[in-house]
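File shown here: run_29.txt, holding compact mmCIF, C-alpha atoms and all ligand atoms.
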```txt
# COMPACT_ATOMS: atom_id res chain seq x y z
CA MET A 1 12.27 5.00 -24.21
CA SER A 2 9.49 3.37 -22.26
CA MET A 3 8.14 4.78 -19.05
CA LYS A 4 8.41 2.62 -15.97
CA TRP A 5 5.22 2.23 -13.94
CA THR A 6 4.45 0.46 -10.71
CA VAL A 7 1.03 -0.58 -9.47
CA TYR A 8 -0.05 -0.47 -5.83
CA ARG A 9 -3.05 -2.17 -4.29
CA ASP A 10 -4.80 1.06 -3.42
CA TYR A 11 -4.47 4.80 -2.96
CA ALA A 12 -2.93 4.53 0.52
CA ALA A 13 -0.17 2.19 -0.63
CA MET A 14 0.56 4.39 -3.67
CA SER A 15 0.73 7.46 -1.43
CA ARG A 16 3.16 5.80 0.99
CA ALA A 17 5.40 4.81 -1.92
CA ALA A 18 5.34 8.35 -3.31
CA ALA A 19 6.22 9.86 0.06
CA ALA A 20 9.09 7.38 0.36
CA VAL A 21 10.54 8.58 -2.97
CA ILE A 22 10.34 12.20 -1.77
CA ALA A 23 11.88 11.30 1.60
CA VAL A 24 14.83 9.57 -0.11
CA GLN A 25 15.42 12.77 -2.11
CA VAL A 26 15.21 15.03 0.95
CA ARG A 27 17.48 12.79 3.04
CA ALA A 28 20.07 12.62 0.25
CA LYS A 29 20.10 16.40 -0.21
CA ALA A 30 18.82 18.58 2.64
CA ALA A 31 18.47 21.62 0.37
CA SER A 32 16.57 19.71 -2.32
CA VAL A 33 14.47 21.67 -4.78
CA LEU A 34 11.06 20.02 -4.96
CA GLY A 35 8.43 20.78 -7.57
CA LEU A 36 5.05 20.24 -5.94
CA ALA A 37 1.53 19.63 -7.18
CA THR A 38 -2.03 20.13 -6.01
CA GLY A 39 -5.25 18.23 -6.74
CA SER A 40 -6.77 15.41 -4.75
CA THR A 41 -4.14 12.87 -5.86
CA PRO A 42 -1.12 14.08 -3.79
CA ILE A 43 -3.08 14.65 -0.55
CA GLY A 44 -2.25 11.18 0.78
CA THR A 45 1.42 11.69 -0.11
CA TYR A 46 1.48 14.95 1.83
CA GLN A 47 -0.23 13.29 4.82
CA GLU A 48 2.46 10.62 4.81
CA LEU A 49 5.24 13.25 4.59
CA VAL A 50 3.70 15.05 7.58
CA ARG A 51 3.70 11.75 9.47
CA MET A 52 7.34 11.13 8.53
CA HIS A 53 8.22 14.62 9.72
CA ARG A 54 6.47 14.10 13.08
CA GLU A 55 7.43 10.50 13.76
CA ASP A 56 10.72 10.00 11.92
CA GLY A 57 12.08 13.55 12.07
CA LEU A 58 12.11 14.06 8.29
CA ASP A 59 13.65 17.52 8.07
CA PHE A 60 12.34 20.11 5.61
CA SER A 61 14.17 23.11 7.06
CA LEU A 62 16.45 23.58 4.03
CA VAL A 63 14.08 22.26 1.34
CA ASN A 64 13.02 24.64 -1.42
CA THR A 65 9.68 24.17 -3.13
CA TYR A 66 8.21 25.43 -6.39
CA ASN A 67 4.56 24.68 -7.06
CA LEU A 68 3.32 23.91 -10.52
CA ASP A 69 0.47 26.32 -10.80
CA GLU A 70 -2.06 28.74 -9.31
CA TYR A 71 -5.45 30.04 -10.36
CA LEU A 72 -5.45 33.54 -11.74
CA GLY A 73 -7.41 35.96 -9.60
CA LEU A 74 -7.34 34.06 -6.32
CA PRO A 75 -5.46 35.59 -3.38
CA PRO A 76 -3.38 33.16 -1.28
CA ASP A 77 -5.91 33.23 1.57
CA ASN A 78 -8.78 32.14 -0.67
CA PRO A 79 -9.61 28.59 0.48
CA GLN A 80 -9.72 27.42 -3.15
CA SER A 81 -6.29 28.82 -4.01
CA TYR A 82 -3.46 26.35 -4.47
CA SER A 83 -1.44 28.38 -1.99
CA HIS A 84 -4.07 27.74 0.67
CA PHE A 85 -4.15 24.07 -0.32
CA MET A 86 -0.39 23.70 0.11
CA TRP A 87 -0.27 25.41 3.49
CA HIS A 88 -3.22 23.40 4.71
CA HIS A 89 -2.07 19.97 3.54
CA LEU A 90 1.70 20.26 3.87
CA PHE A 91 3.61 23.45 4.61
CA GLY A 92 1.65 24.35 7.74
CA GLN A 93 2.43 20.96 9.25
CA ILE A 94 6.15 20.56 8.58
CA ASN A 95 9.23 22.60 9.48
CA ILE A 96 9.60 24.29 6.12
CA ASP A 97 11.07 27.79 5.94
CA PRO A 98 8.32 30.03 4.43
CA GLU A 99 11.06 31.91 2.56
CA ARG A 100 11.86 28.74 0.65
CA VAL A 101 8.25 28.15 -0.46
CA HIS A 102 7.37 29.35 -3.97
CA ILE A 103 3.95 29.30 -5.58
CA PRO A 104 3.05 31.36 -8.65
CA SER A 105 1.12 34.43 -7.53
CA GLY A 106 -2.56 34.38 -8.47
CA GLN A 107 -2.62 38.17 -8.48
CA PRO A 108 0.57 39.31 -10.20
CA GLU A 109 0.94 42.96 -11.12
CA ASP A 110 2.53 42.00 -14.40
CA VAL A 111 1.73 38.43 -15.46
CA ASN A 112 4.49 38.04 -18.06
CA ARG A 113 7.14 39.36 -15.74
CA ALA A 114 5.93 37.16 -12.89
CA CYS A 115 6.12 34.09 -15.15
CA ARG A 116 9.62 34.97 -16.33
CA ASP A 117 10.77 35.59 -12.77
CA TYR A 118 9.36 32.23 -11.67
CA ASP A 119 11.42 30.33 -14.24
CA ARG A 120 14.50 32.39 -13.41
CA ALA A 121 14.08 31.68 -9.70
CA ILE A 122 13.90 27.92 -10.39
CA GLU A 123 17.06 28.13 -12.46
CA ALA A 124 18.83 30.23 -9.83
CA ALA A 125 17.91 27.62 -7.22
CA GLY A 126 19.79 25.05 -9.32
CA GLY A 127 16.77 23.50 -11.07
CA ILE A 128 14.20 21.07 -9.73
CA ASP A 129 15.58 17.83 -8.27
CA LEU A 130 12.24 16.06 -8.00
CA GLN A 131 8.96 17.13 -9.59
CA LEU A 132 5.74 15.65 -8.25
CA LEU A 133 2.88 15.49 -10.78
CA GLY A 134 -0.72 14.43 -10.97
CA ILE A 135 -2.52 14.11 -14.28
CA GLY A 136 -5.76 15.70 -15.41
CA ARG A 137 -8.46 13.50 -16.93
CA ASN A 138 -7.66 15.10 -20.28
CA GLY A 139 -3.93 14.46 -19.91
CA HIS A 140 -2.89 17.86 -18.62
CA ILE A 141 0.11 18.25 -16.34
CA GLY A 142 0.16 21.33 -14.14
CA PHE A 143 -2.30 23.28 -16.25
CA ASN A 144 -0.71 22.50 -19.60
CA GLU A 145 -3.90 21.68 -21.43
CA PRO A 146 -4.33 19.66 -24.66
CA ASP A 147 -3.86 22.01 -27.62
CA PHE A 148 -2.15 22.23 -31.01
CA TYR A 149 1.04 23.29 -29.26
CA LEU A 150 2.61 23.24 -25.80
CA ARG A 151 4.34 26.17 -24.15
CA THR A 152 7.72 25.47 -22.63
CA GLU A 153 7.98 28.26 -20.06
CA THR A 154 5.78 29.34 -17.15
CA HIS A 155 2.76 31.11 -18.65
CA LEU A 156 -0.85 32.21 -18.33
CA VAL A 157 -3.30 29.63 -19.65
CA ALA A 158 -7.03 29.51 -20.38
CA LEU A 159 -8.45 26.38 -18.77
CA THR A 160 -10.43 23.94 -20.92
CA GLU A 161 -14.12 23.37 -20.26
CA ASP A 162 -13.26 19.84 -19.13
CA THR A 163 -10.85 21.13 -16.48
CA ILE A 164 -13.24 23.86 -15.36
CA ALA A 165 -15.97 21.23 -14.98
CA ALA A 166 -13.61 18.89 -13.08
CA ASN A 167 -12.61 21.68 -10.71
CA ALA A 168 -16.17 22.92 -10.15
CA ARG A 169 -16.71 20.40 -7.31
CA PHE A 170 -14.40 22.50 -5.11
CA PHE A 171 -16.36 25.74 -5.56
CA SER A 172 -19.80 26.57 -4.21
CA ARG A 173 -20.97 28.44 -7.33
CA PRO A 174 -20.01 27.67 -10.95
CA GLU A 175 -19.18 31.31 -11.68
CA GLU A 176 -16.52 31.21 -8.94
CA VAL A 177 -14.46 28.58 -10.78
CA PRO A 178 -11.43 30.36 -12.24
CA ARG A 179 -11.16 30.17 -16.01
CA SER A 180 -7.43 30.80 -16.22
CA ALA A 181 -4.29 29.94 -14.34
CA ILE A 182 -0.55 30.41 -14.25
CA THR A 183 1.36 27.20 -14.79
CA MET A 184 4.88 25.97 -15.24
CA GLY A 185 5.33 25.08 -18.90
CA VAL A 186 6.26 21.62 -20.10
CA GLY A 187 9.84 22.80 -20.61
CA THR A 188 10.05 23.87 -16.97
CA ILE A 189 8.67 20.47 -15.95
CA MET A 190 10.89 18.49 -18.35
CA LYS A 191 14.01 20.15 -16.92
CA ALA A 192 13.37 18.51 -13.54
CA ARG A 193 15.98 15.82 -12.93
CA HIS A 194 13.45 13.27 -11.70
CA ILE A 195 9.69 13.25 -12.24
CA LEU A 196 7.26 11.42 -9.97
CA LEU A 197 3.78 11.11 -11.47
CA LEU A 198 0.85 9.72 -9.49
CA ALA A 199 -2.55 8.62 -10.69
CA SER A 200 -5.36 7.03 -8.79
CA GLY A 201 -8.87 5.87 -9.64
CA ALA A 202 -10.65 4.33 -12.62
CA ASP A 203 -11.42 7.69 -14.21
CA LYS A 204 -7.67 8.10 -14.88
CA ALA A 205 -7.15 4.63 -16.41
CA ASP A 206 -7.77 5.76 -19.99
CA VAL A 207 -5.50 8.81 -19.87
CA VAL A 208 -2.76 6.89 -18.03
CA ALA A 209 -2.71 4.31 -20.84
CA ARG A 210 -2.61 7.06 -23.47
CA MET A 211 0.25 8.81 -21.63
CA ILE A 212 2.36 5.65 -21.46
CA GLU A 213 1.41 3.63 -24.55
CA GLY A 214 0.11 6.25 -26.94
CA PRO A 215 2.08 8.51 -29.27
CA VAL A 216 3.76 11.64 -27.93
CA THR A 217 1.17 14.27 -28.77
CA THR A 218 0.14 17.70 -27.56
CA GLU A 219 -3.38 16.25 -27.34
CA VAL A 220 -2.14 14.37 -24.26
CA PRO A 221 0.39 16.77 -22.73
CA ALA A 222 1.60 14.14 -20.22
CA SER A 223 2.74 11.92 -23.14
CA ILE A 224 5.76 14.20 -23.52
CA LEU A 225 7.09 12.59 -20.33
CA GLN A 226 7.92 9.56 -22.52
CA MET A 227 10.91 11.65 -23.62
CA HIS A 228 12.18 12.29 -20.09
CA PRO A 229 15.07 10.09 -18.91
CA GLN A 230 13.89 9.61 -15.33
CA VAL A 231 10.16 9.32 -14.70
CA THR A 232 8.62 7.25 -11.93
CA VAL A 233 4.90 6.55 -12.44
CA LEU A 234 3.05 5.21 -9.40
CA LEU A 235 -0.52 3.99 -9.90
CA ASP A 236 -3.21 2.31 -7.91
CA GLU A 237 -4.90 -0.72 -9.43
CA ALA A 238 -7.87 1.25 -10.71
CA ALA A 239 -5.72 3.79 -12.57
CA ALA A 240 -3.60 0.97 -14.03
CA GLY A 241 -6.67 -0.98 -15.22
CA ILE A 242 -6.20 -0.49 -18.96
CA LEU A 243 -2.39 -0.86 -18.84
CA MET A 244 -2.73 -4.17 -17.01
CA GLU A 245 -5.38 -5.37 -19.47
CA ASP A 246 -3.09 -4.42 -22.41
CA GLU A 247 -0.23 -6.29 -20.78
CA ARG A 248 -2.34 -9.43 -20.30
CA ARG A 249 -3.40 -9.25 -23.94
CA ARG A 250 0.21 -8.92 -25.13
CA ARG A 251 1.20 -11.92 -23.04
CA ARG A 252 -1.64 -13.99 -24.50
CA GLU A 253 -0.56 -12.97 -28.00
CA ASP A 254 3.06 -13.90 -27.28
CA GLN A 255 1.99 -17.35 -26.12
CA ALA A 256 -0.27 -17.98 -29.11
C1 LIG B 1 -5.56 20.16 -11.45
C2 LIG B 1 -4.07 20.49 -11.25
C3 LIG B 1 -3.17 19.38 -11.71
C4 LIG B 1 -3.69 18.05 -11.21
C5 LIG B 1 -5.05 17.79 -11.80
C6 LIG B 1 -5.66 16.47 -11.36
O1 LIG B 1 -6.12 20.67 -12.59
N1 LIG B 1 -3.66 21.71 -11.87
O2 LIG B 1 -1.85 19.63 -11.25
O3 LIG B 1 -2.82 17.03 -11.55
O4 LIG B 1 -5.92 18.81 -11.42
O5 LIG B 1 -6.34 16.60 -10.16
P1 LIG B 1 -6.78 15.42 -9.25
O6 LIG B 1 -5.56 14.90 -8.60
O7 LIG B 1 -7.74 16.02 -8.26
O8 LIG B 1 -7.44 14.41 -10.14
```

Starting from the file, give its structure as C-alpha cells.
Amino acid sequence: MSMKWTVYRDYAAMSRAAAAVIAVQVRAKAASVLGLATGSTPIGTYQELVRMHREDGLDFSLVNTYNLDEYLGLPPDNPQSYSHFMWHHLFGQINIDPERVHIPSGQPEDVNRACRDYDRAIEAAGGIDLQLLGIGRNGHIGFNEPDFYLRTETHLVALTEDTIAANARFFSRPEEVPRSAITMGVGTIMKARHILLLASGADKADVVARMIEGPVTTEVPASILQMHPQVTVLLDEAAAGILMEDERRRRREDQA
C-alpha cells in the first residue's frame, strides 16, 4: 500500500489544506473525535481553523479532542506544556466545550493508570475519527521515538537526545527541557480512522522520504503509517524535496 502525498507551494497553503480536511470532518459529524498534535507544524492549521470558526461559523461545540502527548512534570499552566500550547493556539479561540478536551496529564498520580484510562476514554468516545500528526526529525510520531520496538498503547517514554535538543529552543535553560513524556502509542494512533500528517521545511525532507519510500521499521516510527488504510500526507515544497527528486529520477529512468 503506498501512501498518498500532496505538495503545496508553501507552509500557508499546506496549512489551509489541512484545516479544510479537518473542517470537512467536523461538518460531516458535529461530535467528531479529533486526535490533535503540537509542535510548530500545526500552528498554521490551528490559525486557519480559528479563522473558519470566526468567519464561517465552523462549530466545535460538540467536538471531542484527544491530544497525542504531554511532557512529564509540566503542569497545564506551564507555558511550555502542550496543554498551554493547545489552549493558546486553538481551544481558547474556538467554541469548544472544555469538558470535551483531553490531553494526557503531565503530573499524573499514577502514570500507568493514567495511560490506561486515556486509551479507555478514547475507546469509550468511539475511537478517533481524524488524527492530526506532525513528524519529528528522527521520524517520531507523538513521542514514539526510534527504538528496537514500538509500544502500542499510551505510555511513558524517555525522549531521545535528538528530540530533547530539538525541543530545547522553546525553553530558556537546557535543564528545563523535559526528558520524558506521556504519548499515545502507535497502536492508539493506528486505530484512528483517518490520519492527516503534515510536514514542512527542508529539515524534514529526509525523514519524509524515509517514511514514505523506506521500509517499515521501528527506526522510523512514522513508516508504520504505510500500513494504515487512510493516510493523507500534506507537505510543502521544501519537505517534499527528496520525494520530488526521487520521482523525477524514476521518470527519467522510465523514459530511458
Ligand atoms: C514534538 C511533538 C510531535 C511533533 C514533533 C515535530 O516532539 N511531540 O508531535 O510532531 O515535535 O515538531 P515540529 O512540528 O515543531 O517540527

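The residue that comes closest to Leu197 of chain A, out of A:Thr65, A:Asn144, A:Thr218, A:Thr232 and on the basis of all atoms listed in the file, is A:Thr232.
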
Select the residues contacting ligand LIG 1 (chain B) at a distance of at most 9 Å, based on all atoms listed in the file, then format the selection as a VMD selection string. chain A and resid 36 to 43 68 to 71 82 133 to 137 139 to 144 159 163 to 164 166 to 167 181 183 197 to 201 203 to 204

Check the smallest atom-to-atom distance from each of A:Ala121, A:Ile96, A:Ala158, A:Ala31 to Arg179 of chain A using all atoms listed in the file, then report the winner. A:Ala158

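Counting from atom CA of Thr45 of chain A, the distance to atom CA of Asp10 of chain A is 12.8 Å.
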
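If you count only C-alpha atoms and ignore residues fewer than 5 places along the chain from Thr6 of chain A, what sits within 7 Å of it is A:Val233, A:Leu234, A:Leu235.
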
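Between atom CA of Leu34 of chain A and atom CA of Ala192 of chain A the separation is 9.0 Å.
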
Residues around (16.3, 8.9, 4.5), cut-off 12 Å, counting all atoms listed in the file - what are they as an NGL selection string? :A and (19-30 or 49 or 52-53 or 56-60)

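You will find atom CA of Pro174 of chain A at 15.1 Å from atom CA of Gly73 of chain A.
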
Within 8 Å of Thr188 of chain A, counting all atoms listed in the file, which residues show up once you throw out same-chain ones fewer than 3 positions away? Write them as an mmCIF file with C-alpha atoms, in the coordinates of the input, please.
```
data_model
loop_
_atom_site.group_PDB
_atom_site.id
_atom_site.type_symbol
_atom_site.label_atom_id
_atom_site.label_comp_id
_atom_site.auth_asym_id
_atom_site.auth_seq_id
_atom_site.Cartn_x
_atom_site.Cartn_y
_atom_site.Cartn_z
ATOM 1 C CA ASP A 119 11.420 30.330 -14.240
ATOM 2 C CA THR A 152 7.720 25.470 -22.630
ATOM 3 C CA GLU A 153 7.980 28.260 -20.060
ATOM 4 C CA THR A 154 5.780 29.340 -17.150
ATOM 5 C CA MET A 184 4.880 25.970 -15.240
ATOM 6 C CA GLY A 185 5.330 25.080 -18.900
ATOM 7 C CA LYS A 191 14.010 20.150 -16.920
ATOM 8 C CA ALA A 192 13.370 18.510 -13.540
#
```

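Compared by their closest atoms to Trp5 of chain A, and using all atoms listed in the file, the residues A:Ser83, A:Gln255, A:Gln230, A:Ser172 rank with A:Gln230 nearest.
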
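Nearest residue to Ala240 of chain A, choosing from A:Glu219, A:Ile212, A:Met227, A:Glu48 and counting only C-alpha atoms: A:Ile212.
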
Who sits within 7 Å of Val50 of chain A, all atoms listed in the file, same chain under 6 positions skipped, as a list in words: Leu90, Gln93 and Ile94 of chain A

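With only C-alpha atoms taken into account, the protein and nucleic acid residues at most 8 Å from Gln107 of chain A (excluding it and anything under 4 positions from it in its own chain) are Leu72, Gly73, Leu74 and Pro75 of chain A.
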
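For the set A:Tyr118, A:Trp87, A:Tyr46, A:Tyr66, the residue with the smallest atom-to-atom gap to His155 of chain A is A:Tyr118, counting only C-alpha atoms.
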
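Take the candidates A:Ser2, A:Val7, A:Ala125, A:Met86 and check each one against Val63 of chain A using all atoms listed in the file; the shortest distance goes to A:Ala125.
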
Got a minute to add N, CA, C and O atoms to segment 212-227 of chain A and dump it as a PDB file, keeping the file's coordinate frame?
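Dumped everything to result27.pdb:
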```
ATOM      1  N   ILE A 212       1.242   6.595 -21.464  1.00  0.00           N
ATOM      2  CA  ILE A 212       2.360   5.650 -21.460  1.00  0.00           C
ATOM      3  C   ILE A 212       2.495   4.896 -22.777  1.00  0.00           C
ATOM      4  O   ILE A 212       3.593   4.680 -23.278  1.00  0.00           O
ATOM      5  N   GLU A 213       1.358   4.500 -23.361  1.00  0.00           N
ATOM      6  CA  GLU A 213       1.410   3.630 -24.550  1.00  0.00           C
ATOM      7  C   GLU A 213       1.102   4.356 -25.845  1.00  0.00           C
ATOM      8  O   GLU A 213       1.358   3.830 -26.918  1.00  0.00           O
ATOM      9  N   GLY A 214       0.500   5.532 -25.734  1.00  0.00           N
ATOM     10  CA  GLY A 214       0.110   6.250 -26.940  1.00  0.00           C
ATOM     11  C   GLY A 214       1.271   7.020 -27.536  1.00  0.00           C
ATOM     12  O   GLY A 214       2.392   7.001 -27.004  1.00  0.00           O
ATOM     13  N   PRO A 215       1.032   7.680 -28.668  1.00  0.00           N
ATOM     14  CA  PRO A 215       2.080   8.510 -29.270  1.00  0.00           C
ATOM     15  C   PRO A 215       2.315   9.764 -28.423  1.00  0.00           C
ATOM     16  O   PRO A 215       1.450  10.155 -27.644  1.00  0.00           O
ATOM     17  N   VAL A 216       3.498  10.358 -28.576  1.00  0.00           N
ATOM     18  CA  VAL A 216       3.760  11.640 -27.930  1.00  0.00           C
ATOM     19  C   VAL A 216       2.981  12.692 -28.723  1.00  0.00           C
ATOM     20  O   VAL A 216       3.222  12.888 -29.916  1.00  0.00           O
ATOM     21  N   THR A 217       2.009  13.307 -28.071  1.00  0.00           N
ATOM     22  CA  THR A 217       1.170  14.270 -28.770  1.00  0.00           C
ATOM     23  C   THR A 217       0.723  15.386 -27.829  1.00  0.00           C
ATOM     24  O   THR A 217       0.499  15.126 -26.641  1.00  0.00           O
ATOM     25  N   THR A 218       0.593  16.578 -28.385  1.00  0.00           N
ATOM     26  CA  THR A 218       0.140  17.700 -27.560  1.00  0.00           C
ATOM     27  C   THR A 218      -1.322  17.514 -27.140  1.00  0.00           C
ATOM     28  O   THR A 218      -1.797  18.214 -26.263  1.00  0.00           O
ATOM     29  N   GLU A 219      -2.010  16.538 -27.763  1.00  0.00           N
ATOM     30  CA  GLU A 219      -3.380  16.250 -27.340  1.00  0.00           C
ATOM     31  C   GLU A 219      -3.420  15.575 -25.976  1.00  0.00           C
ATOM     32  O   GLU A 219      -4.442  15.568 -25.298  1.00  0.00           O
ATOM     33  N   VAL A 220      -2.290  14.959 -25.605  1.00  0.00           N
ATOM     34  CA  VAL A 220      -2.140  14.370 -24.260  1.00  0.00           C
ATOM     35  C   VAL A 220      -0.827  14.930 -23.714  1.00  0.00           C
ATOM     36  O   VAL A 220       0.226  14.308 -23.851  1.00  0.00           O
ATOM     37  N   PRO A 221      -0.872  16.125 -23.117  1.00  0.00           N
ATOM     38  CA  PRO A 221       0.390  16.770 -22.730  1.00  0.00           C
ATOM     39  C   PRO A 221       1.317  15.866 -21.907  1.00  0.00           C
ATOM     40  O   PRO A 221       2.533  15.897 -22.083  1.00  0.00           O
ATOM     41  N   ALA A 222       0.755  15.008 -21.050  1.00  0.00           N
ATOM     42  CA  ALA A 222       1.600  14.140 -20.220  1.00  0.00           C
ATOM     43  C   ALA A 222       2.409  13.148 -21.052  1.00  0.00           C
ATOM     44  O   ALA A 222       3.404  12.604 -20.572  1.00  0.00           O
ATOM     45  N   SER A 223       1.999  12.894 -22.312  1.00  0.00           N
ATOM     46  CA  SER A 223       2.740  11.920 -23.140  1.00  0.00           C
ATOM     47  C   SER A 223       4.162  12.386 -23.414  1.00  0.00           C
ATOM     48  O   SER A 223       5.037  11.580 -23.711  1.00  0.00           O
ATOM     49  N   ILE A 224       4.404  13.692 -23.281  1.00  0.00           N
ATOM     50  CA  ILE A 224       5.760  14.200 -23.520  1.00  0.00           C
ATOM     51  C   ILE A 224       6.744  13.626 -22.494  1.00  0.00           C
ATOM     52  O   ILE A 224       7.954  13.561 -22.747  1.00  0.00           O
ATOM     53  N   LEU A 225       6.215  13.166 -21.357  1.00  0.00           N
ATOM     54  CA  LEU A 225       7.090  12.590 -20.330  1.00  0.00           C
ATOM     55  C   LEU A 225       7.767  11.312 -20.833  1.00  0.00           C
ATOM     56  O   LEU A 225       8.767  10.877 -20.274  1.00  0.00           O
ATOM     57  N   GLN A 226       7.243  10.725 -21.917  1.00  0.00           N
ATOM     58  CA  GLN A 226       7.920   9.560 -22.520  1.00  0.00           C
ATOM     59  C   GLN A 226       9.341   9.923 -22.944  1.00  0.00           C
ATOM     60  O   GLN A 226      10.192   9.053 -23.106  1.00  0.00           O
ATOM     61  N   MET A 227       9.584  11.214 -23.150  1.00  0.00           N
ATOM     62  CA  MET A 227      10.910  11.650 -23.620  1.00  0.00           C
ATOM     63  C   MET A 227      11.840  12.040 -22.478  1.00  0.00           C
ATOM     64  O   MET A 227      12.962  12.452 -22.709  1.00  0.00           O
TER      65      MET A 227
END
```
